[in-house]
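Novice: One structure, as structure tokens, below. Some questions next.
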Amino acid sequence: MDVKEYIELVFTDYTLRTITLGTAVLGAICGMLGSFAVLRKQSLLGDAISHAALPGIAIAFIIIGTKNSSAFLLGALISGLIGTFWIRGITSKTHLKSDTALGLILSLFFGFGMLLLTYIQKLPNANQAGLESYLFGQAATLLESDVWLMVIVTGISLITLLLFWKELKLLLFDADYTKTLGFNTRFLDILITTFIVIAIVLGLQTVGVVLMSAMLLAPAAAARQWTNNLAVMVILAAVFGAFSGVFGTAISASHNNLSTGPVIVLVASVFVLFSFIFSPGRGLLFREIRFRKNRNDLQLHKTLSFMYNIVKTHQDITHPHAIKILNNFQGFTRKSLQKLENKDYVKIQGNMWSMTESGYHTASNLYNQLTKEEGNE
Amino acid sequence: MSNAQIEIQLIASMVAIACAIPGTFLVLRKMALITDAISHSILPGIVIGFFITHDLSSPLLIILAAASGVITVILVEFIQKTGLVKEDTAIGLVFPALFSIGIILIAQNANDVHLDVDAVLLGELAFAPFDRLIMGGTDLGPKSLWIIGTILLITLGLLFTFFKELKVSTFDAGLASALGLSPVVIHYGLMTVSSITTVGAFDAVGAILVIALMIAPAATAYLLTNDLKKMLSLSVFFGVSSAITGYWVAHAIDSSISGSMTTVLGLVFLAVYLFAPNKGLFSVLYRQKQQRIEVSLLTFLLHLSNHKEKEERHVKHLNEHINWQKVQSKSVLDLALKNNMIKIDDDIVSLTKKGKKFTTKAIDYIITNKNSEIENIKDRFFLFRG
Amino acid sequence: MNNKIAVQIDDLTVAYNYKPVLWDIDLSIPEGVLMAIVGPNGAGKSTLIKSILDIIKPIAGSIQIYGKPYKKQRSLVAYVPQKGSVDWDFPTTALDVVMMGTYGSLGWIKRPGQKEKKASLEALEKVGMLAFKNRQISQLSGGQQQRIFLARALVQNASIYFMDEPFQGVDATTEKAIINILKELRKAGKTVIVVHHDLQTVPEYFDWVTFLNVKKIATGPVKDIFNDDNLTKTYGINYKVSVQQ
């Protein structure tokens, strides 16, 4: 199946269209809200919440006795929120640290959820529960109504973000200052936390409990590398998230035996990897290039100031000197001399070099800067 | 009790002990979440190991899987060092990616690999007694028992040999390196042991219960003691007893063994979290209430000693001006009277001799900032406690 | 300087986890002073500022800004937190941070417009950072970051300025620039309260000083009370500082 055929299929095939749309919307909302989680240093909260949601789903099924996504969502939401606030209770009232609290809630809630799931499997109506899909996600079970729900929730959270954009940005950057300006930080905190929990819960059916946290983190972590503007970061994260969803769905749909959740997560991880390496501002590759360039510049400057110190003692600054005397200086090479000549800082004639006016000027500036910096420290 | 039942409980207990020991150190080193990362990211190691060996209990597989755990740790630390993302984001990025690779590898080779993802997460403890180690025709017991037994022996051996080093490096990394104990070696040693334990345990109890068995007993014990040796024995105790209780609960309600063990661990933690004598929630709340009154009383006495003017010491002024929150000025007044620290003449409050002495001492101690001494003088002067 | 009281603190007691950090503080800060709060580490200097700004709830006591509680007087107060209290890798620009100073007067939901932008640019110019307005904040030096924080407070256009260690980790040029702006503020009749570490510079920079160590040791004009006696009382040891006027 080639790309064109696939795209046609997306528009004609109900299931594929639903899944593509669903994962795209899900990726977008996760990227958007994930940006906030990442900047609040609550990256792994998502992992804890998604695991903590499992018993809620199971209990919802036990209570109503049939498969019903909305009821499952509500159950997941309640138990996710209980988990979140218990984590806070543990860190604020005991001396256990947040990593322990997160790990505890994550594993204990999940274990309890599994207990309930195995209990449900023995109920007579168990086979219609479809609860296993919540472990690793099953995008194929998405219905049009699920996608609509995602679209509505995305819309609501988008409106909320836009409304409280200024306040949320302030809270993220400087919570104490936010308080002094008279904003209710507790309200803002609960607002953003609740939306993060909602996004996680929405994604469970598609991506699953285990991998949900990556949906939240990866697009945001990738987006952060490309911009220094919060709004751009949130939008980029939404775009990365949506593309992860679409590409992931495409890859898994065109192969046998590839479940959608893990593929989406891998696609998102590729976005992260690519951003880490190739982003122009922060990426590792350009950082390394800049580092090397700086080191070369520094060596060049050192050579130049060494020459400057020789030249300084003469009346005539363009007086030629033997290249030989530079050999004592560490870091001097033919190549660096050539570079200096290319920059028109020095002239070379046979075995002699002489400094130009512009070279002298640059060197004396450098020299002054250097001594000034030392004075400051 | 049948033989199989005894064997299951034996395996579960040994897993609990093997997890509790590294878990205690991880909790103390604020690295509990690395278990989350390791337990998920060993999956690709297990799958690749399985391709090679076709035997889940082969030592090579265990080494490969443990290596992928250690690689995870190195990868996480590398990303943290680049400074591109904040602390725990690195963990959250690495393990889902590796776990996804694992799942996809399994799905792609479903015909050759009889590995069930559910089993990786949840374990198949109930089947453990059926996979037996047979040598030269004699049945030596379940394979899992041998695997986890070996790991437990190694862990215990390392613990006893390096106890001092582990202790020093956990509580004071600076001192440890000054003493010539390389924190890096101990760190990666601990990570390796955790990885191996996770791999050894996953096939019996599953990845998630491994996290629970590492963190929950240690966290529960940490609420009860600050002493490392006591904490270690308490974690072992909580781990083993929850494992055995969990098994019987699962037996009674016919459900997943690892799910029920985790649930029991959760209930034990909940109980200790609420009722632990010093650090439990109720005790903390009670103490905070008491401290609130104590601090209010001290504030009140200090105010009296600071102000000689009569209007500042009028009962009415104290009500209005000091502006108590939550604690009513009356209860503070009564308490001070009951302890003979103040006397009231004509609605003007003044300090008694005892009150003066106490106040000066309290200020002295607070300014020199010694917590223990504050507790000490509180005991001497206060009649709260009996 | 006149006799009006800008900040009045009565019987203030504050505790962290019920361990007292400030004890029964009475303090009147007259309008128009440039005041340093000095004291050893853990003396409660930041806590004092944070309680005045209602970030920390006190156990007892009352605080009034021009005769009314803080909640009613927010618009009169600006705050410069410690530089280390925020994440400087946050994705935002210098101008954006300064604009945050206008959020308080805007209130909920309303967005900053041209007027706010203009005010922010002016504040940036005042601290000599206009050229860096679009610079990502992590790419600024410590001194530049501190200037951005100062500009953010300036844009609040308040009557009372609270600053938590504005000279920490800044270069000499920035320190001079900041103190000149603070002196200008005082000239304009504003009250400036600064948590300060460097005792040597107190007489040069400030005209008013409060010694704090859990209790208030002394408060008043620098020329009257900045002496070895009060320093010793505050810092515990036999403290001598060569006061250079």
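Here's how to read the names in the structure tokens: chain A, B, ... by the order shown, residue numbers from 1 in each chain, ligand numbers from 1 in the order shown.
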With a distance threshold of 7 Å and counting only C-alpha atoms, extract the residues of chain C near chain B and express them as a list of chain:residue names.
Specialist: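 Result, ordered by chain then number: C:Asp11, C:Thr13, C:Tyr18, C:Trp23, C:Asp24, C:Ile59, C:Ala60, C:Gly61, C:Ser62, C:Val214.
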Novice: Apply DSSP to the backbone of this structure and, from range 38-269 of chain B, keep only the residues in strand (DSSP E); write these as a VMD selection string.
Specialist: chain B and resid 132 to 135 138 to 142
Novice: Can I get the selected residues back with N, CA, C and O atoms, as a PDB file, in the first residue's frame?
Specialist:
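That gives us result06.pdb:
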ATOM      1  N   ARG B 132       9.965 -26.629  36.455  1.00  0.00           N
ATOM      2  CA  ARG B 132      10.879 -27.152  37.473  1.00  0.00           C
ATOM      3  C   ARG B 132      12.287 -27.356  36.936  1.00  0.00           C
ATOM      4  O   ARG B 132      12.502 -27.577  35.752  1.00  0.00           O
ATOM      5  N   LEU B 133      13.211 -27.247  37.823  1.00  0.00           N
ATOM      6  CA  LEU B 133      14.605 -27.478  37.462  1.00  0.00           C
ATOM      7  C   LEU B 133      14.913 -28.956  37.704  1.00  0.00           C
ATOM      8  O   LEU B 133      14.822 -29.448  38.826  1.00  0.00           O
ATOM      9  N   ILE B 134      15.208 -29.626  36.607  1.00  0.00           N
ATOM     10  CA  ILE B 134      15.488 -31.066  36.761  1.00  0.00           C
ATOM     11  C   ILE B 134      16.907 -31.346  36.306  1.00  0.00           C
ATOM     12  O   ILE B 134      17.306 -30.996  35.200  1.00  0.00           O
ATOM     13  N   MET B 135      17.676 -31.902  37.191  1.00  0.00           N
ATOM     14  CA  MET B 135      19.076 -32.175  36.866  1.00  0.00           C
ATOM     15  C   MET B 135      19.353 -33.654  37.101  1.00  0.00           C
ATOM     16  O   MET B 135      19.113 -34.167  38.199  1.00  0.00           O
ATOM     17  N   THR B 138      16.749 -35.743  38.807  1.00  0.00           N
ATOM     18  CA  THR B 138      16.154 -35.392  40.090  1.00  0.00           C
ATOM     19  C   THR B 138      15.504 -34.007  40.009  1.00  0.00           C
ATOM     20  O   THR B 138      16.045 -33.092  39.408  1.00  0.00           O
ATOM     21  N   ASP B 139      14.354 -33.900  40.647  1.00  0.00           N
ATOM     22  CA  ASP B 139      13.610 -32.654  40.677  1.00  0.00           C
ATOM     23  C   ASP B 139      14.156 -31.780  41.801  1.00  0.00           C
ATOM     24  O   ASP B 139      14.088 -32.140  42.975  1.00  0.00           O
ATOM     25  N   LEU B 140      14.741 -30.630  41.407  1.00  0.00           N
ATOM     26  CA  LEU B 140      15.360 -29.779  42.427  1.00  0.00           C
ATOM     27  C   LEU B 140      14.448 -28.634  42.860  1.00  0.00           C
ATOM     28  O   LEU B 140      14.866 -27.720  43.556  1.00  0.00           O
ATOM     29  N   GLY B 141      13.207 -28.650  42.399  1.00  0.00           N
ATOM     30  CA  GLY B 141      12.291 -27.558  42.777  1.00  0.00           C
ATOM     31  C   GLY B 141      12.061 -26.625  41.620  1.00  0.00           C
ATOM     32  O   GLY B 141      12.637 -26.791  40.546  1.00  0.00           O
ATOM     33  N   PRO B 142      11.194 -25.620  41.828  1.00  0.00           N
ATOM     34  CA  PRO B 142      10.866 -24.694  40.736  1.00  0.00           C
ATOM     35  C   PRO B 142      12.077 -23.868  40.327  1.00  0.00           C
ATOM     36  O   PRO B 142      12.885 -23.481  41.172  1.00  0.00           O
TER      37      PRO B 142
END
Novice: For Thr206 in chain A, list every protein, DNA or RNA residue within 6 Å, evaluated using only C-alpha atoms, and leave out those in the same chain fewer than 6 positions away; present the list as JSON, numbers by chain.
Specialist: {"A": [137, 138, 139]}
Novice: Quick one: write out the picked residues with C-alpha atoms as an mmCIF file, in the first residue's frame?
Specialist:
data_model
loop_
_atom_site.group_PDB
_atom_site.id
_atom_site.type_symbol
_atom_site.label_atom_id
_atom_site.label_comp_id
_atom_site.auth_asym_id
_atom_site.auth_seq_id
_atom_site.Cartn_x
_atom_site.Cartn_y
_atom_site.Cartn_z
ATOM 1 C CA GLY A 137 -4.587 0.914 24.642
ATOM 2 C CA GLN A 138 -6.538 -0.220 21.648
ATOM 3 C CA ALA A 139 -7.094 2.538 19.181
#
Novice: For Asn41 in chain C, please output as a PyMOL selection string all residues within 12 Å (counting only C-alpha atoms; exclusion window: fewer than 3 positions along the same chain).
Specialist: (chain B and resi 367-369) or (chain C and resi 21+37-38+44-47+195-197+212-214+234-236)
Novice: Hey, can you spit out that residue selection with all heavy atoms as a short mmCIF file (atom, residue, chain, number, x, y, z; two decimals), in the first residue's frame?
Specialist:
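Contents of the output file out.cif:
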data_model
loop_
_atom_site.label_atom_id
_atom_site.label_comp_id
_atom_site.auth_asym_id
_atom_site.auth_seq_id
_atom_site.Cartn_x
_atom_site.Cartn_y
_atom_site.Cartn_z
N ILE B 367 16.79 31.70 69.19
CA ILE B 367 17.74 32.49 68.42
C ILE B 367 18.99 31.69 68.11
O ILE B 367 19.56 31.79 67.02
CB ILE B 367 18.04 33.81 69.15
CG1 ILE B 367 16.79 34.68 69.06
CG2 ILE B 367 19.22 34.53 68.52
CD1 ILE B 367 16.88 35.99 69.72
N THR B 368 19.41 30.83 69.04
CA THR B 368 20.56 29.99 68.70
C THR B 368 20.17 28.83 67.80
O THR B 368 21.01 28.06 67.38
CB THR B 368 21.26 29.45 69.96
OG1 THR B 368 20.25 28.86 70.77
CG2 THR B 368 21.98 30.53 70.71
N ASN B 369 18.84 28.71 67.53
CA ASN B 369 18.39 27.79 66.49
C ASN B 369 18.67 26.32 66.76
O ASN B 369 19.08 25.61 65.86
CB ASN B 369 19.05 28.14 65.15
CG ASN B 369 18.13 29.03 64.36
OD1 ASN B 369 16.93 28.86 64.40
ND2 ASN B 369 18.71 30.00 63.68
N VAL C 21 9.97 31.50 63.25
CA VAL C 21 11.09 32.15 62.58
C VAL C 21 11.08 33.65 62.82
O VAL C 21 12.11 34.30 62.70
CB VAL C 21 11.10 31.87 61.07
CG1 VAL C 21 11.79 30.58 60.77
CG2 VAL C 21 9.70 31.86 60.51
N ILE C 37 17.19 45.52 55.37
CA ILE C 37 16.94 44.58 56.46
C ILE C 37 18.17 43.68 56.51
O ILE C 37 18.50 43.01 55.53
CB ILE C 37 15.70 43.72 56.19
CG1 ILE C 37 14.47 44.61 56.00
CG2 ILE C 37 15.47 42.74 57.33
CD1 ILE C 37 13.22 43.85 55.63
N VAL C 38 18.88 43.70 57.65
CA VAL C 38 20.08 42.88 57.76
C VAL C 38 19.95 41.90 58.92
O VAL C 38 19.20 42.13 59.85
CB VAL C 38 21.36 43.74 57.94
CG1 VAL C 38 21.61 44.61 56.73
CG2 VAL C 38 21.27 44.57 59.19
N GLY C 44 15.16 35.26 59.28
CA GLY C 44 13.77 35.53 58.95
C GLY C 44 13.57 36.77 58.09
O GLY C 44 12.48 37.31 58.05
N LYS C 45 14.63 37.20 57.40
CA LYS C 45 14.53 38.43 56.60
C LYS C 45 13.54 38.25 55.44
O LYS C 45 12.62 39.06 55.27
CB LYS C 45 15.91 38.81 56.04
CG LYS C 45 16.96 39.01 57.12
CD LYS C 45 18.28 39.45 56.53
CE LYS C 45 18.94 38.43 55.62
NZ LYS C 45 19.64 37.32 56.28
N SER C 46 13.76 37.18 54.67
CA SER C 46 12.83 36.94 53.55
C SER C 46 11.43 36.67 54.07
O SER C 46 10.44 37.09 53.48
CB SER C 46 13.28 35.73 52.74
OG SER C 46 14.53 35.96 52.17
N THR C 47 11.37 35.92 55.18
CA THR C 47 10.07 35.60 55.76
C THR C 47 9.30 36.87 56.11
O THR C 47 8.09 36.95 55.90
CB THR C 47 10.25 34.75 57.02
OG1 THR C 47 11.13 33.68 56.71
CG2 THR C 47 8.94 34.23 57.52
N VAL C 195 16.16 43.40 51.45
CA VAL C 195 16.90 42.41 52.24
C VAL C 195 18.34 42.44 51.74
O VAL C 195 18.58 42.26 50.55
CB VAL C 195 16.31 41.00 52.07
CG1 VAL C 195 17.22 39.97 52.71
CG2 VAL C 195 14.93 40.93 52.67
N HIS C 196 19.27 42.68 52.66
CA HIS C 196 20.63 42.97 52.22
C HIS C 196 21.63 42.12 52.99
O HIS C 196 21.44 41.81 54.16
CB HIS C 196 20.91 44.45 52.45
CG HIS C 196 22.13 44.93 51.75
ND1 HIS C 196 22.30 44.81 50.41
CD2 HIS C 196 23.26 45.54 52.21
CE1 HIS C 196 23.47 45.32 50.07
NE2 HIS C 196 24.07 45.76 51.15
N HIS C 197 22.71 41.72 52.29
CA HIS C 197 23.68 40.84 52.91
C HIS C 197 25.00 41.53 53.24
O HIS C 197 25.64 41.22 54.24
CB HIS C 197 23.97 39.67 51.98
CG HIS C 197 23.45 38.38 52.51
ND1 HIS C 197 23.58 38.01 53.81
CD2 HIS C 197 22.76 37.38 51.93
CE1 HIS C 197 23.02 36.84 54.00
NE2 HIS C 197 22.50 36.45 52.87
N LEU C 212 17.62 42.37 62.22
CA LEU C 212 16.64 41.32 62.49
C LEU C 212 17.36 40.02 62.80
O LEU C 212 18.29 39.64 62.10
CB LEU C 212 15.76 41.15 61.25
CG LEU C 212 14.51 40.31 61.39
CD1 LEU C 212 13.48 41.05 62.22
CD2 LEU C 212 13.93 39.99 60.02
N ASN C 213 16.98 39.39 63.87
CA ASN C 213 17.40 38.01 64.08
C ASN C 213 16.32 37.33 64.90
O ASN C 213 16.37 37.34 66.13
CB ASN C 213 18.75 37.93 64.78
CG ASN C 213 19.27 36.50 64.77
OD1 ASN C 213 18.61 35.60 64.25
ND2 ASN C 213 20.42 36.28 65.36
N VAL C 214 15.35 36.78 64.20
CA VAL C 214 14.15 36.19 64.80
C VAL C 214 13.34 37.26 65.53
O VAL C 214 12.16 37.41 65.30
CB VAL C 214 14.48 35.01 65.72
CG1 VAL C 214 13.21 34.38 66.25
CG2 VAL C 214 15.31 33.97 64.98
N THR C 234 22.95 41.45 66.79
CA THR C 234 22.28 40.73 65.71
C THR C 234 23.02 39.48 65.30
O THR C 234 22.43 38.42 65.11
CB THR C 234 22.15 41.64 64.47
OG1 THR C 234 21.63 42.88 64.88
CG2 THR C 234 21.24 41.02 63.44
N TYR C 235 24.32 39.61 65.18
CA TYR C 235 25.10 38.49 64.64
C TYR C 235 25.70 37.60 65.71
O TYR C 235 26.40 36.65 65.41
CB TYR C 235 26.19 39.00 63.69
CG TYR C 235 25.59 39.51 62.39
CD1 TYR C 235 25.12 40.80 62.29
CD2 TYR C 235 25.48 38.67 61.30
CE1 TYR C 235 24.55 41.26 61.12
CE2 TYR C 235 24.91 39.11 60.12
CZ TYR C 235 24.45 40.41 60.03
OH TYR C 235 23.89 40.84 58.88
N GLY C 236 25.43 37.94 66.99
CA GLY C 236 25.83 37.04 68.05
C GLY C 236 27.26 37.20 68.47
O GLY C 236 27.55 37.53 69.62
#
Novice: Given a cut-off of 6 Å, which residues of chain C touch chain A, counting only C-alpha atoms, written out as an mmCIF file with N, CA and C atoms, in the first residue's frame?
Specialist:
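This is the output file out21.cif:
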data_model
loop_
_atom_site.group_PDB
_atom_site.id
_atom_site.type_symbol
_atom_site.label_atom_id
_atom_site.label_comp_id
_atom_site.auth_asym_id
_atom_site.auth_seq_id
_atom_site.Cartn_x
_atom_site.Cartn_y
_atom_site.Cartn_z
ATOM 1 N N LEU C 53 3.811 40.608 52.331
ATOM 2 C CA LEU C 53 3.170 40.456 51.023
ATOM 3 C C LEU C 53 2.110 39.371 51.005
ATOM 4 N N VAL C 86 13.090 31.352 40.811
ATOM 5 C CA VAL C 86 12.375 30.951 39.602
ATOM 6 C C VAL C 86 13.299 30.170 38.675
ATOM 7 N N PRO C 91 10.592 29.179 29.013
ATOM 8 C CA PRO C 91 10.579 29.722 27.650
ATOM 9 C C PRO C 91 9.889 31.082 27.567
ATOM 10 N N THR C 92 10.616 32.135 27.814
ATOM 11 C CA THR C 92 10.026 33.461 27.730
ATOM 12 C C THR C 92 11.132 34.493 27.545
ATOM 13 N N GLY C 104 -0.996 42.491 37.486
ATOM 14 C CA GLY C 104 -1.754 42.740 38.700
ATOM 15 C C GLY C 104 -2.807 43.814 38.489
ATOM 16 N N ILE C 109 -8.023 37.628 33.478
ATOM 17 C CA ILE C 109 -8.419 37.424 32.079
ATOM 18 C C ILE C 109 -7.984 38.523 31.111
#
Novice: Give me, as a list of chain:residue names, the contact residues of chain B against chain A at a cut-off of 6 Å, counting only C-alpha atoms.
Specialist: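 Every residue of chain B that passes the 6 Å test is in B:Ala32, B:Leu33, B:Thr89, B:Pro96, B:Ala97, B:Ser100, B:Ala107, B:Gln108, B:Ile208, B:Ala212, B:Ala216, B:Ser255, B:Ser256, B:Gly259, B:Ser260, B:Thr262, B:Thr263, B:Gly266.
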Novice: How would the residues just picked look written out with N, CA, C and O atoms as an mmCIF file, in the first residue's frame?
Specialist:
data_model
loop_
_atom_site.group_PDB
_atom_site.id
_atom_site.type_symbol
_atom_site.label_atom_id
_atom_site.label_comp_id
_atom_site.auth_asym_id
_atom_site.auth_seq_id
_atom_site.Cartn_x
_atom_site.Cartn_y
_atom_site.Cartn_z
ATOM 1 N N ALA B 32 13.447 6.516 43.963
ATOM 2 C CA ALA B 32 12.437 5.460 43.870
ATOM 3 C C ALA B 32 11.922 5.303 42.445
ATOM 4 O O ALA B 32 11.626 4.196 42.006
ATOM 5 N N LEU B 33 11.843 6.416 41.712
ATOM 6 C CA LEU B 33 11.214 6.336 40.394
ATOM 7 C C LEU B 33 12.077 5.623 39.369
ATOM 8 O O LEU B 33 11.589 5.213 38.323
ATOM 9 N N THR B 89 11.718 14.496 33.644
ATOM 10 C CA THR B 89 11.244 14.340 32.269
ATOM 11 C C THR B 89 12.095 13.296 31.559
ATOM 12 O O THR B 89 11.584 12.512 30.750
ATOM 13 N N PRO B 96 9.149 4.765 28.402
ATOM 14 C CA PRO B 96 8.071 4.390 27.483
ATOM 15 C C PRO B 96 8.608 4.014 26.108
ATOM 16 O O PRO B 96 8.092 3.093 25.469
ATOM 17 N N ALA B 97 9.670 4.710 25.674
ATOM 18 C CA ALA B 97 10.228 4.392 24.360
ATOM 19 C C ALA B 97 10.758 2.962 24.346
ATOM 20 O O ALA B 97 10.444 2.173 23.451
ATOM 21 N N SER B 100 7.950 0.451 24.567
ATOM 22 C CA SER B 100 7.256 0.321 23.284
ATOM 23 C C SER B 100 8.030 -0.583 22.342
ATOM 24 O O SER B 100 7.446 -1.435 21.652
ATOM 25 N N ALA B 107 5.124 -8.323 19.515
ATOM 26 C CA ALA B 107 4.008 -8.449 18.582
ATOM 27 C C ALA B 107 4.486 -8.915 17.209
ATOM 28 O O ALA B 107 3.830 -9.728 16.557
ATOM 29 N N GLN B 108 5.649 -8.418 16.785
ATOM 30 C CA GLN B 108 6.170 -8.770 15.471
ATOM 31 C C GLN B 108 6.569 -10.237 15.377
ATOM 32 O O GLN B 108 6.594 -10.806 14.305
ATOM 33 N N ILE B 208 5.053 -4.423 37.543
ATOM 34 C CA ILE B 208 4.437 -3.427 38.415
ATOM 35 C C ILE B 208 4.585 -3.818 39.879
ATOM 36 O O ILE B 208 4.888 -2.981 40.740
ATOM 37 N N ALA B 212 6.134 -1.967 43.295
ATOM 38 C CA ALA B 212 5.458 -1.908 44.590
ATOM 39 C C ALA B 212 6.312 -2.551 45.675
ATOM 40 O O ALA B 212 6.458 -2.008 46.766
ATOM 41 N N ALA B 216 7.049 0.280 48.304
ATOM 42 C CA ALA B 216 6.070 0.332 49.395
ATOM 43 C C ALA B 216 6.620 -0.146 50.754
ATOM 44 O O ALA B 216 6.466 0.575 51.748
ATOM 45 N N SER B 255 -8.287 -14.389 42.574
ATOM 46 C CA SER B 255 -7.925 -13.270 41.701
ATOM 47 C C SER B 255 -6.415 -13.277 41.484
ATOM 48 O O SER B 255 -5.712 -14.157 41.982
ATOM 49 N N SER B 256 -5.924 -12.275 40.745
ATOM 50 C CA SER B 256 -4.501 -12.194 40.435
ATOM 51 C C SER B 256 -3.668 -12.095 41.711
ATOM 52 O O SER B 256 -3.963 -11.295 42.601
ATOM 53 N N GLY B 259 -1.727 -8.742 41.914
ATOM 54 C CA GLY B 259 -2.656 -7.654 42.215
ATOM 55 C C GLY B 259 -3.028 -7.653 43.682
ATOM 56 O O GLY B 259 -3.045 -6.591 44.329
ATOM 57 N N SER B 260 -3.280 -8.825 44.220
ATOM 58 C CA SER B 260 -3.716 -8.873 45.609
ATOM 59 C C SER B 260 -2.550 -8.568 46.557
ATOM 60 O O SER B 260 -2.739 -7.917 47.585
ATOM 61 N N THR B 262 -0.094 -6.506 45.897
ATOM 62 C CA THR B 262 0.062 -5.053 45.850
ATOM 63 C C THR B 262 -1.008 -4.369 46.687
ATOM 64 O O THR B 262 -0.735 -3.402 47.394
ATOM 65 N N THR B 263 -2.237 -4.903 46.600
ATOM 66 C CA THR B 263 -3.314 -4.303 47.369
ATOM 67 C C THR B 263 -3.028 -4.393 48.864
ATOM 68 O O THR B 263 -3.234 -3.429 49.604
ATOM 69 N N GLY B 266 -0.571 -1.924 49.747
ATOM 70 C CA GLY B 266 -1.217 -0.620 49.796
ATOM 71 C C GLY B 266 -1.951 -0.404 51.096
ATOM 72 O O GLY B 266 -1.865 0.665 51.701
#
Novice: Tell me which protein, DNA and RNA residues are within 10 Å of Asp146 in chain A, counting only C-alpha atoms, leaving out same-chain ones fewer than 3 positions away, and put them as an mmCIF file with N, CA, C and O atoms, in the first residue's frame.
Specialist:
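Dumped to selection_13.cif:
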data_model
loop_
_atom_site.group_PDB
_atom_site.id
_atom_site.type_symbol
_atom_site.label_atom_id
_atom_site.label_comp_id
_atom_site.auth_asym_id
_atom_site.auth_seq_id
_atom_site.Cartn_x
_atom_site.Cartn_y
_atom_site.Cartn_z
ATOM 1 N N THR A 18 -11.751 7.312 11.946
ATOM 2 C CA THR A 18 -11.998 7.569 13.364
ATOM 3 C C THR A 18 -10.703 7.493 14.169
ATOM 4 O O THR A 18 -10.405 8.362 14.981
ATOM 5 N N ILE A 19 -9.929 6.451 13.920
ATOM 6 C CA ILE A 19 -8.690 6.279 14.690
ATOM 7 C C ILE A 19 -7.724 7.426 14.399
ATOM 8 O O ILE A 19 -7.127 8.009 15.308
ATOM 9 N N GLY A 22 -9.006 10.516 16.016
ATOM 10 C CA GLY A 22 -8.925 10.373 17.475
ATOM 11 C C GLY A 22 -7.501 10.535 17.969
ATOM 12 O O GLY A 22 -7.229 11.318 18.893
ATOM 13 N N SER A 69 -17.963 4.070 27.778
ATOM 14 C CA SER A 69 -16.746 4.894 27.838
ATOM 15 C C SER A 69 -16.898 6.086 28.776
ATOM 16 O O SER A 69 -15.979 6.411 29.528
ATOM 17 N N SER A 70 -18.049 6.743 28.759
ATOM 18 C CA SER A 70 -18.195 7.937 29.590
ATOM 19 C C SER A 70 -18.098 7.580 31.067
ATOM 20 O O SER A 70 -17.445 8.278 31.843
ATOM 21 N N THR A 141 -10.669 0.325 19.147
ATOM 22 C CA THR A 141 -11.960 0.369 19.831
ATOM 23 C C THR A 141 -12.562 1.766 19.857
ATOM 24 O O THR A 141 -13.644 1.962 20.400
ATOM 25 N N LEU A 142 -11.844 2.747 19.307
ATOM 26 C CA LEU A 142 -12.369 4.119 19.314
ATOM 27 C C LEU A 142 -13.630 4.211 18.475
ATOM 28 O O LEU A 142 -13.689 3.697 17.362
ATOM 29 N N LEU A 143 -14.625 4.886 19.016
ATOM 30 C CA LEU A 143 -15.862 5.114 18.272
ATOM 31 C C LEU A 143 -15.927 6.591 17.909
ATOM 32 O O LEU A 143 -15.204 7.414 18.465
ATOM 33 N N LEU A 149 -16.102 13.331 21.910
ATOM 34 C CA LEU A 149 -15.829 13.708 23.301
ATOM 35 C C LEU A 149 -14.445 14.360 23.406
ATOM 36 O O LEU A 149 -14.266 15.398 24.052
ATOM 37 N N MET A 150 -13.477 13.746 22.713
ATOM 38 C CA MET A 150 -12.115 14.312 22.747
ATOM 39 C C MET A 150 -12.106 15.719 22.167
ATOM 40 O O MET A 150 -11.465 16.617 22.709
ATOM 41 N N VAL A 151 -12.816 15.893 21.052
ATOM 42 C CA VAL A 151 -12.839 17.209 20.414
ATOM 43 C C VAL A 151 -13.446 18.234 21.369
ATOM 44 O O VAL A 151 -12.912 19.347 21.539
ATOM 45 N N ILE A 152 -14.539 17.849 22.024
ATOM 46 C CA ILE A 152 -15.193 18.794 22.936
ATOM 47 C C ILE A 152 -14.257 19.160 24.091
ATOM 48 O O ILE A 152 -14.071 20.329 24.421
ATOM 49 N N LEU A 202 -8.430 10.733 29.075
ATOM 50 C CA LEU A 202 -8.940 10.625 27.713
ATOM 51 C C LEU A 202 -8.089 9.687 26.868
ATOM 52 O O LEU A 202 -8.592 9.005 25.983
ATOM 53 N N GLN A 205 -7.775 4.909 26.807
ATOM 54 C CA GLN A 205 -8.387 3.914 25.928
ATOM 55 C C GLN A 205 -7.524 3.695 24.681
ATOM 56 O O GLN A 205 -7.449 2.592 24.156
#
Novice: Do a neighbour search on Ala94 in chain C at 8 Å with only C-alpha atoms, toss out local chain neighbours closer than 3 positions, and write the hits as a list in words.
Specialist: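 Near neighbours after the sequence-gap exclusion: Val97, Val98, Phe132, Lys133, Asn134, Arg135, Gln136, Ile137 and Ile148 of chain C.
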